[in-house]
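J.: Encoded as structure tokens, here's the structure I'll be asking about.
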Amino acid sequence: MSAPRAHRDVDLLYPADGFEVVDGFLARGDVQEIVAKRFPHKRAFEVDGVMVELFLVQADAAGSFTDFWGVARHDWPADVFDVEADGLRVASAMAVSGYRAGWEELQAKLQDRRSG
């Protein structure tokens, strides 16, 4: 969706009910967890100097979503995991553009959480 450029991190969508498997992986100590980024909806760790952030994508009757602290829900499109590139599932263009389009509204809800 954009030209290649330098990145400081890699964002990955993690489809699961929770982080039990990820937390087990992090507890082994094979990678350095970034504890400051441990939230109900996210885990982060560093690999070879690159931060990797995992965003939890859960599912219910309405579809796939990420719940940010119980105050902001981002609904992912039905095709969020339908794209495959070189054997890897990647977020669909609709998923990425929808998340970007809703970013400011999401941030406003999260700000209300912090100030309220």
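Chain labels run A, B, ... following the order of the structure tokens; each chain numbers its residues from 1, and ligands are numbered from 1 in the order shown.
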If we count only C-alpha atoms and set the cut-off at 9 Å, which residues sit around region 87-97 of chain A, ignoring sequence neighbours fewer than 6 positions away in its own chain? Please answer as a JSON list (two decimals) with N, CA, C and O atoms, in the first residue's frame.

T.:
[["chain", "number", "residue", "atom", "x", "y", "z"],
["A", 1, "MET", "N", 0.80, -1.19, 0.00],
["A", 1, "MET", "CA", 0.00, 0.00, 0.00],
["A", 1, "MET", "C", 0.85, 1.26, 0.00],
["A", 1, "MET", "O", 0.35, 2.33, -0.27],
["A", 12, "LEU", "N", 1.98, -6.78, 13.89],
["A", 12, "LEU", "CA", 1.36, -8.02, 13.45],
["A", 12, "LEU", "C", 0.00, -8.18, 14.13],
["A", 12, "LEU", "O", -0.16, -7.83, 15.30],
["A", 13, "LEU", "N", -0.95, -8.71, 13.39],
["A", 13, "LEU", "CA", -2.25, -9.03, 13.95],
["A", 13, "LEU", "C", -2.21, -10.48, 14.41],
["A", 13, "LEU", "O", -1.78, -11.36, 13.67],
["A", 76, "TRP", "N", -12.53, -5.21, 12.53],
["A", 76, "TRP", "CA", -11.76, -5.51, 11.33],
["A", 76, "TRP", "C", -12.71, -6.01, 10.25],
["A", 76, "TRP", "O", -13.72, -6.65, 10.55],
["A", 77, "PRO", "N", -12.41, -5.77, 8.97],
["A", 77, "PRO", "CA", -13.28, -6.27, 7.90],
["A", 77, "PRO", "C", -13.22, -7.80, 7.83],
["A", 77, "PRO", "O", -12.26, -8.43, 8.32],
["A", 78, "ALA", "N", -14.23, -8.36, 7.21],
["A", 78, "ALA", "CA", -14.32, -9.83, 7.12],
["A", 78, "ALA", "C", -13.11, -10.44, 6.43],
["A", 78, "ALA", "O", -12.74, -11.59, 6.72],
["A", 79, "ASP", "N", -12.46, -9.70, 5.55],
["A", 79, "ASP", "CA", -11.32, -10.25, 4.80],
["A", 79, "ASP", "C", -9.97, -9.99, 5.48],
["A", 79, "ASP", "O", -8.93, -10.17, 4.85],
["A", 80, "VAL", "N", -9.98, -9.61, 6.74],
["A", 80, "VAL", "CA", -8.74, -9.18, 7.41],
["A", 80, "VAL", "C", -7.60, -10.18, 7.24],
["A", 80, "VAL", "O", -6.45, -9.79, 7.07],
["A", 81, "PHE", "N", -7.88, -11.47, 7.25],
["A", 81, "PHE", "CA", -6.82, -12.48, 7.15],
["A", 81, "PHE", "C", -6.86, -13.27, 5.85],
["A", 81, "PHE", "O", -6.27, -14.33, 5.73]]

J.: Select from chain A everything DSSP, run on the backbone, classes as helix (DSSP H, G or I), then give the selection as a count of residues only.

T.: 34

J.: Near Ala16 (chain A), within 8 Å and counting only C-alpha atoms, which residues show up once chain neighbours fewer than 3 positions away are dropped, as an mmCIF file with N, CA and C atoms, in the first residue's frame?

T.:
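As written to disk, selection39.cif reads:
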data_model
loop_
_atom_site.group_PDB
_atom_site.id
_atom_site.type_symbol
_atom_site.label_atom_id
_atom_site.label_comp_id
_atom_site.auth_asym_id
_atom_site.auth_seq_id
_atom_site.Cartn_x
_atom_site.Cartn_y
_atom_site.Cartn_z
ATOM 1 N N PHE A 19 -3.753 -14.057 24.993
ATOM 2 C CA PHE A 19 -2.303 -14.109 24.789
ATOM 3 C C PHE A 19 -1.616 -15.262 25.529
ATOM 4 N N LEU A 56 -3.913 -8.175 19.457
ATOM 5 C CA LEU A 56 -4.865 -9.261 19.601
ATOM 6 C C LEU A 56 -6.112 -8.997 18.764
ATOM 7 N N VAL A 57 -6.457 -9.957 17.919
ATOM 8 C CA VAL A 57 -7.673 -9.879 17.117
ATOM 9 C C VAL A 57 -8.565 -11.035 17.553
ATOM 10 N N GLN A 58 -9.618 -10.688 18.248
ATOM 11 C CA GLN A 58 -10.576 -11.672 18.733
ATOM 12 C C GLN A 58 -11.758 -11.741 17.773
ATOM 13 N N ALA A 59 -12.645 -12.680 18.011
ATOM 14 C CA ALA A 59 -13.829 -12.810 17.153
ATOM 15 C C ALA A 59 -15.051 -13.066 18.016
#

J.: Quick one: everything within 12 Å of region 29-37 of chain A, counting only C-alpha atoms, minus sequence neighbours fewer than 3 positions away in the same chain. Send it as a list of chain:residue names.

T.: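 That gives A:Val22, A:Asp23, A:Gly24, A:Phe25, A:Leu26, A:Pro40, A:His41, A:Lys42, A:Arg43, A:Ala44, A:Phe45, A:Glu46, A:Val47, A:Asp48, A:Gly49, A:Val50, A:Met51, A:Val52, A:Glu53, A:Leu54, A:Phe55.
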
J.: Tell me, in Å to one decimal, how far CA of Arg38 (chain A) is from CA of Phe65 (chain A).

T.: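 So the answer is 18.3 Å.
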
J.: Which residues in region 53-106 of chain A does DSSP call strand (DSSP E or B)? List them as a PyMOL selection string.

T.: chain A and resi 53-60+63-68+72-75+83-85+88-90

J.: When you draw a straight line from CA of Tyr14 (chain A) to CA of Ser115 (chain A), how long is it in Å?

T.: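 Calculated distance between CA of Tyr14 (chain A) and CA of Ser115 (chain A) is 28.9 Å.
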
J.: What's around Gly70 (chain A) at 10 Å? Count only C-alpha atoms, leave out sequence neighbours fewer than 2 positions away in its own chain, and write the answer as a ChimeraX atom specification.

T.: /A:40-41,66-68,72-73,110,113
